[in-house]
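S.K.: Below is one structure. I have some questions about it.
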Amino acid sequence: MDKTVGIPRALFYYYLFPLWDVFFRELGYKVILSPATDKRIVNLGIEKAVDEVCYPVKIYYGHVASLLKKADCLFLPRLVSIQERSYICPKFMGLPDMIRANFPEHPEIIDHTFDGSRKGQSLSKDLEHLGRKLGHPPETVRRACAESIAALREYETKLKGGQNPMTVLDGARFGFGERKLKVALLGHGYNIYDPYASMNIIAKLARLGVEAITAESVDPAARDQAAEVLPKRMFWTLGHRILGSALYLEQRDDIAGIIHMASFGCGPDSLVAELLERLLKRRRRKPLLCLTIDEHTGEAGLDTRLEAFIDMIARRKIS
Amino acid sequence: MKITFPHMGNLSLTAETLLKGIGLEVIVPPACSKKTLSLGVQHSPEFACLPLKINLGNYLEAYELGADTALMVGGIGPCRIGYYGAIQQEILRDLGIQMELIVLEPPDAHPRELWDKIRRLKKVSWKRVLEAIYLAWHKTRVMDLLEEKALILRAREANKGSIDQLLGEARLQLERTAKIAQIKWLGQDYLSQIESIKLDEERQTVKILLVGEIYTVLEPFVNLNLEKQLNSLGVEVLRPLFLSSWINEHLLGGILNIEGTKKARELAKPFLNSFVGGHGRETVGCSVQYAKRGIDGIIQIAPLTCMPEIVAHSVLPKVTEKYDVPTLTLYVDEQTGEAGLLTRLEAFADLVRYRQRRLKKNENHVFGY
């Protein structure tokens, strides 16, 4: 029987899953994905994580817990960087160690390091290295790498075309009423695309007749260009993406407002949100709503703020 | 140009000496106080970590005294400190305060970036710059050596406050002098004075390692005098992090023979196998290093939401398990109250002392008396 590899449906699942999925399948593994986030998973995570860890990492812990007895090994990559001279977040760099320390009963962990921060280093190189480390023949590894990179590019093209990761990965459907408005919804993918963590904010907006435009559908070149006004180069990949997209979308007439969603205690976003707020305030063009989520967030509170914001931008648009 | 800088423990001694030495007019911000904190908190992002807020408070207070420029260090991630300067500058701008932040950081896009900033700051010949560095270094080192000694002996001082008084005097004298020979002499003199202070020989002490994020470790205002509190509970504090060892390791390339954290970083494996920014790996590594040498407990301190220290915090239980050393993690922010902190320290000191006694008792059983 094929060896099974467990992949948590959390954190960079929303950015890189097609890559991992195809890679491991090409190498002859059976990929086991943890179920969608729910209360049980969140509670499993909260139980194991230290209180100060942010919500998405707690959710990651929960997904790992739900995979423990289901797979022969777990794939928990150490994602140091996916972009030159940039980082994701320090917690990503220590994540496999954090899991090891808190799940004594863990099965084999594949914790290969992906570090694209240095020049000349790339995702595919690290991937190839991983394949060889796992003991597969070079031919197979090379093919697996090529196939998986192609799958990732295809996925990214779909997202750029305006498709939502939730639709592409999980087949989610959104019943848009009549589309009256478009807003930019910005935040780390694992917050806004996880229907449980975000309380399905995209579907909520859809019900209010609002289409959410996310950073993944913005052309990276336009994003980078818009981010040039920043006082200093933003060295967090996702922070850069959020700020660049916000500054680009802010200039677009069809975007009525900007929503930023961050998890409580998120280090990078504490500064990203501040900068975003100050820059947008100076330009005085688009209203901004900052939402903070964690395991204590009440849905009613989120609904109220969202509805008030949408009412406000709708009225603003008419007048 | 009237230049200022943020406080961090004894950093003001170093920075004032250095900046005056290179010919600048220096305005030392008032020592961190409730006012600094409330000024900083008022204008900073709510979820930013505490050092950013206090730094900002320092700038604002120095601005009231006439400073028009502030010096700050930067970085290129992944820790938030790398973006402090940029955010603080934007806040000052929105407040309408004419103050420029000069952020010294590793060159990012262009190697000349740092060089240009240094040339802007330098008002004297290179020879005098080197002299200023030399002078600042010696003062820092002397102060650190005195403090290191105090952290141990204060736990048993017979007359409370006698060591603090000596430290205060030494600091004043160091501020006033500009001669290397005198600094060295002061160092020896005060060290012997501290060593010969009357001790309470009866008092049973325990050894606790203090690790964590550098700012919260070094700045007594934000850690609410943690070290002194511990000392007064009969705890000898061991601290691997000192300003001078940090300077030697990060700015002087480790040329001086001072114990740095290189070995500790190695020892962080297998608990933490990667650099995580800030002092996360050092926290874990030093815990292992000192646990092997024999200590009774470990206290980790960090600002609330500090990313590298959260990673370290998450793996520390494994260190506890392997080396049988209890750990206590403290997060501080503007809400931290002294009474709450003290209660936790007392409880931890009690636990450590109880364990030590029990372990000794067990040893006695083994040897049969």
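Just so we're on the same page: first chain in the structure tokens is A, next is B, and so on; residues restart at 1 for each chain, and ligands are numbered from 1 in the order they show up.
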Compute the chain B side of the contact with chain A at 8 Å, counting only C-alpha atoms, and hand it back as a ChimeraX atom specification.
M.R.: /B:45-49,76-80,83,86-87,90,271-277,304-308,310-311,313-315,317-318
S.K.: Can you tell me which residues surround Ala246 of chain A at a distance of at most 9 Å, considering only C-alpha atoms, apart from same-chain residues fewer than 3 positions away, and format the answer as a PDB file with N, CA and C atoms, in the first residue's frame?
M.R.:
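Final output, saved to out_5.pdb:
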ATOM      1  N   ALA A 184     -12.272  45.651  -1.578  1.00  0.00           N
ATOM      2  CA  ALA A 184     -11.022  44.901  -1.464  1.00  0.00           C
ATOM      3  C   ALA A 184     -11.030  44.233  -0.098  1.00  0.00           C
ATOM      4  N   LEU A 185     -10.817  42.927  -0.081  1.00  0.00           N
ATOM      5  CA  LEU A 185     -10.718  42.202   1.184  1.00  0.00           C
ATOM      6  C   LEU A 185      -9.276  41.735   1.321  1.00  0.00           C
ATOM      7  N   LEU A 186      -8.565  42.331   2.266  1.00  0.00           N
ATOM      8  CA  LEU A 186      -7.137  42.043   2.372  1.00  0.00           C
ATOM      9  C   LEU A 186      -6.796  41.428   3.715  1.00  0.00           C
ATOM     10  N   ALA A 215      -6.129  40.024  -2.653  1.00  0.00           N
ATOM     11  CA  ALA A 215      -4.784  40.336  -3.152  1.00  0.00           C
ATOM     12  C   ALA A 215      -4.330  39.365  -4.232  1.00  0.00           C
ATOM     13  N   ARG A 223       1.008  45.392  -8.064  1.00  0.00           N
ATOM     14  CA  ARG A 223       1.150  45.400  -6.617  1.00  0.00           C
ATOM     15  C   ARG A 223       2.498  45.998  -6.207  1.00  0.00           C
ATOM     16  N   ALA A 226       2.731  49.724  -6.964  1.00  0.00           N
ATOM     17  CA  ALA A 226       1.975  50.542  -6.001  1.00  0.00           C
ATOM     18  C   ALA A 226       2.690  50.614  -4.657  1.00  0.00           C
ATOM     19  N   ALA A 227       3.428  49.529  -4.328  1.00  0.00           N
ATOM     20  CA  ALA A 227       4.093  49.472  -3.022  1.00  0.00           C
ATOM     21  C   ALA A 227       5.348  50.330  -2.988  1.00  0.00           C
ATOM     22  N   ARG A 241       2.216  42.098   0.102  1.00  0.00           N
ATOM     23  CA  ARG A 241       1.095  41.805  -0.782  1.00  0.00           C
ATOM     24  C   ARG A 241      -0.137  42.633  -0.378  1.00  0.00           C
ATOM     25  N   ILE A 242      -0.381  42.695   0.924  1.00  0.00           N
ATOM     26  CA  ILE A 242      -1.544  43.435   1.433  1.00  0.00           C
ATOM     27  C   ILE A 242      -1.413  44.923   1.120  1.00  0.00           C
ATOM     28  N   LEU A 243      -0.243  45.482   1.449  1.00  0.00           N
ATOM     29  CA  LEU A 243      -0.068  46.922   1.249  1.00  0.00           C
ATOM     30  C   LEU A 243      -0.076  47.279  -0.229  1.00  0.00           C
ATOM     31  N   LEU A 249      -5.490  48.919  -5.436  1.00  0.00           N
ATOM     32  CA  LEU A 249      -6.952  48.879  -5.546  1.00  0.00           C
ATOM     33  C   LEU A 249      -7.589  50.210  -5.122  1.00  0.00           C
ATOM     34  N   GLU A 250      -6.895  50.906  -4.255  1.00  0.00           N
ATOM     35  CA  GLU A 250      -7.400  52.182  -3.773  1.00  0.00           C
ATOM     36  C   GLU A 250      -7.568  53.166  -4.932  1.00  0.00           C
ATOM     37  N   GLN A 251      -6.746  52.984  -5.966  1.00  0.00           N
ATOM     38  CA  GLN A 251      -6.829  53.907  -7.114  1.00  0.00           C
ATOM     39  C   GLN A 251      -7.900  53.497  -8.110  1.00  0.00           C
ATOM     40  N   ILE A 258     -12.182  49.317   1.467  1.00  0.00           N
ATOM     41  CA  ILE A 258     -11.155  48.315   1.745  1.00  0.00           C
ATOM     42  C   ILE A 258     -11.383  47.711   3.134  1.00  0.00           C
ATOM     43  N   LEU A 276      -1.120  51.048   6.654  1.00  0.00           N
ATOM     44  CA  LEU A 276      -2.245  51.090   5.726  1.00  0.00           C
ATOM     45  C   LEU A 276      -3.216  52.200   6.127  1.00  0.00           C
ATOM     46  N   LEU A 280      -3.914  55.497   3.832  1.00  0.00           N
ATOM     47  CA  LEU A 280      -5.258  55.700   3.263  1.00  0.00           C
ATOM     48  C   LEU A 280      -5.897  56.977   3.803  1.00  0.00           C
TER      49      LEU A 280
END
S.K.: Which neighbours of Thr320 of chain B fall inside 12 Å, counting only C-alpha atoms, when residues of the same chain fewer than 3 positions from it are skipped, and could you give them as a list in words?
M.R.: Ala101 of chain A; Phe271, Val284, Ser287, Val288, Tyr290, Ala291, Lys292, Ile295, Asp296, Gly297, Ile298, Ile299, His313, Ser314, Val315, Leu316, Pro317, Tyr323, Asp324, Val325, Pro326, Thr327 and Leu328 of chain B
S.K.: Can you list, as a list in words, every protein, DNA or RNA residue that comes within 12 Å of Gly168 of chain B when you count only C-alpha atoms, leaving out same-chain residues fewer than 5 positions away?
M.R.: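 Counting only the stated atoms, we get Asn10, Met143, Leu146, Glu147, Ala150, Gly161, Ser162, Ile163, Gln173, Leu174, Glu175, Tyr190 and Ile194 of chain B.
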S.K.: Mind pulling up the distance from atom CA of Val42 of chain A to atom CA of Glu295 of chain A?
M.R.: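 Taking atom CA of Glu295 of chain A as the start and atom CA of Val42 of chain A as the end point, the length is 7.8 Å.
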S.K.: Need the shell around Leu104 of chain B: protein/DNA/RNA residues with any atom at most 12 Å away, counting only C-alpha atoms. Skip same-chain ones fewer than 2 positions apart. Format as an MDAnalysis selection string?
M.R.: chainID B and resid 5 70:76 81:86 101:102 106:108 112:121 251
S.K.: Give the strand (DSSP E or B) residues of segment 165-218 of chain A, as assigned by DSSP on the backbone, as number ranges by chain.
M.R.: A: 181-187, 210-214
S.K.: Please produce a file of the residues just selected, as a CSV table (one decimal), in the first residue's frame, where the atoms kept are C-alpha atoms.
M.R.:
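Saved file part.csv follows:
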chain,number,residue,atom,x,y,z
A,181,LEU,CA,-20.5,46.8,-5.0
A,182,LYS,CA,-16.9,45.6,-5.0
A,183,VAL,CA,-14.6,45.9,-1.9
A,184,ALA,CA,-11.0,44.9,-1.5
A,185,LEU,CA,-10.7,42.2,1.2
A,186,LEU,CA,-7.1,42.0,2.4
A,187,GLY,CA,-5.5,39.8,4.9
A,210,VAL,CA,-20.7,42.7,-2.4
A,211,GLU,CA,-17.9,41.0,-4.3
A,212,ALA,CA,-14.7,40.7,-2.4
A,213,ILE,CA,-11.5,41.4,-4.4
A,214,THR,CA,-8.5,39.8,-2.8
S.K.: Assign secondary structure with DSSP using the backbone only, and return the residues of segment 17-185 of chain B in helix (DSSP H, G or I) as a ChimeraX atom specification.
M.R.: /B:17-21,34-43,50-64,81-94,112-121,126-156,162-176,180-185
S.K.: Which residues come within 8 Å of Leu199 of chain B, counting only C-alpha atoms, excluding same-chain residues fewer than 4 positions away, as a list in words?
M.R.: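 After dropping sequence-adjacent residues, the list is Leu153, Arg156, Glu157, Ala158 and Asn159 of chain B.
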S.K.: Quick one: distance from atom CA of Thr14 of chain B to atom CA of Leu243 of chain B in Å, one decimal?
M.R.: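 Separating atom CA of Thr14 of chain B from atom CA of Leu243 of chain B is a distance of 9.2 Å.
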S.K.: Write out, as JSON lines, each residue of segment 226-300 of chain B that has an atom at most 12 Å from segment 334-352 of chain B, together with the closest pair of atoms and their distance in Å to one decimal, counting only C-alpha atoms, rows going by chain and rising number.
M.R.:
{"residue": "B:Leu226", "atom": "CA", "partner": "B:Leu342", "partner_atom": "CA", "distance": 8.5}
{"residue": "B:Glu227", "atom": "CA", "partner": "B:Leu345", "partner_atom": "CA", "distance": 10.3}
{"residue": "B:Lys228", "atom": "CA", "partner": "B:Leu342", "partner_atom": "CA", "distance": 11.0}
{"residue": "B:Gln229", "atom": "CA", "partner": "B:Leu342", "partner_atom": "CA", "distance": 7.5}
{"residue": "B:Leu230", "atom": "CA", "partner": "B:Leu345", "partner_atom": "CA", "distance": 7.1}
{"residue": "B:Asn231", "atom": "CA", "partner": "B:Ala349", "partner_atom": "CA", "distance": 10.3}
{"residue": "B:Ser232", "atom": "CA", "partner": "B:Glu346", "partner_atom": "CA", "distance": 10.1}
{"residue": "B:Leu233", "atom": "CA", "partner": "B:Glu346", "partner_atom": "CA", "distance": 7.1}
{"residue": "B:Gly234", "atom": "CA", "partner": "B:Ala349", "partner_atom": "CA", "distance": 8.3}
{"residue": "B:Val235", "atom": "CA", "partner": "B:Ala349", "partner_atom": "CA", "distance": 7.3}
{"residue": "B:Glu236", "atom": "CA", "partner": "B:Ala349", "partner_atom": "CA", "distance": 10.6}
{"residue": "B:Val237", "atom": "CA", "partner": "B:Ala349", "partner_atom": "CA", "distance": 11.5}
{"residue": "B:Ile295", "atom": "CA", "partner": "B:Val352", "partner_atom": "CA", "distance": 9.9}
{"residue": "B:Asp296", "atom": "CA", "partner": "B:Val352", "partner_atom": "CA", "distance": 6.2}
{"residue": "B:Gly297", "atom": "CA", "partner": "B:Val352", "partner_atom": "CA", "distance": 6.3}
{"residue": "B:Ile298", "atom": "CA", "partner": "B:Val352", "partner_atom": "CA", "distance": 9.6}
{"residue": "B:Ile299", "atom": "CA", "partner": "B:Phe348", "partner_atom": "CA", "distance": 9.1}
{"residue": "B:Gln300", "atom": "CA", "partner": "B:Leu345", "partner_atom": "CA", "distance": 11.7}
S.K.: For the selection you just gave me, I'd like the residues written to a file as a PDB file, in the first residue's frame, keeping C-alpha atoms.
M.R.:
ATOM      1  CA  LEU B 226      12.550  42.188  37.496  1.00  0.00           C
ATOM      2  CA  GLU B 227      16.157  41.532  38.422  1.00  0.00           C
ATOM      3  CA  LYS B 228      16.055  43.552  41.608  1.00  0.00           C
ATOM      4  CA  GLN B 229      12.791  41.921  42.586  1.00  0.00           C
ATOM      5  CA  LEU B 230      14.312  38.493  42.067  1.00  0.00           C
ATOM      6  CA  ASN B 231      17.431  39.437  43.996  1.00  0.00           C
ATOM      7  CA  SER B 232      15.352  40.592  46.926  1.00  0.00           C
ATOM      8  CA  LEU B 233      13.610  37.207  46.890  1.00  0.00           C
ATOM      9  CA  GLY B 234      16.993  35.579  47.392  1.00  0.00           C
ATOM     10  CA  VAL B 235      17.485  34.677  43.757  1.00  0.00           C
ATOM     11  CA  GLU B 236      20.853  34.973  42.057  1.00  0.00           C
ATOM     12  CA  VAL B 237      20.216  36.058  38.496  1.00  0.00           C
ATOM     13  CA  ILE B 295      20.701  26.177  37.488  1.00  0.00           C
ATOM     14  CA  ASP B 296      17.510  25.990  39.496  1.00  0.00           C
ATOM     15  CA  GLY B 297      15.104  27.720  37.139  1.00  0.00           C
ATOM     16  CA  ILE B 298      14.655  29.743  33.974  1.00  0.00           C
ATOM     17  CA  ILE B 299      12.669  32.924  33.453  1.00  0.00           C
ATOM     18  CA  GLN B 300      11.882  34.060  29.924  1.00  0.00           C
TER      19      GLN B 300
END
S.K.: Using only C-alpha atoms, pick whichever of A:Gly209, A:Gly116, A:Gly257, A:Pro107 has the shortest atom-to-atom distance to Met312 of chain A.
M.R.: A:Gly257
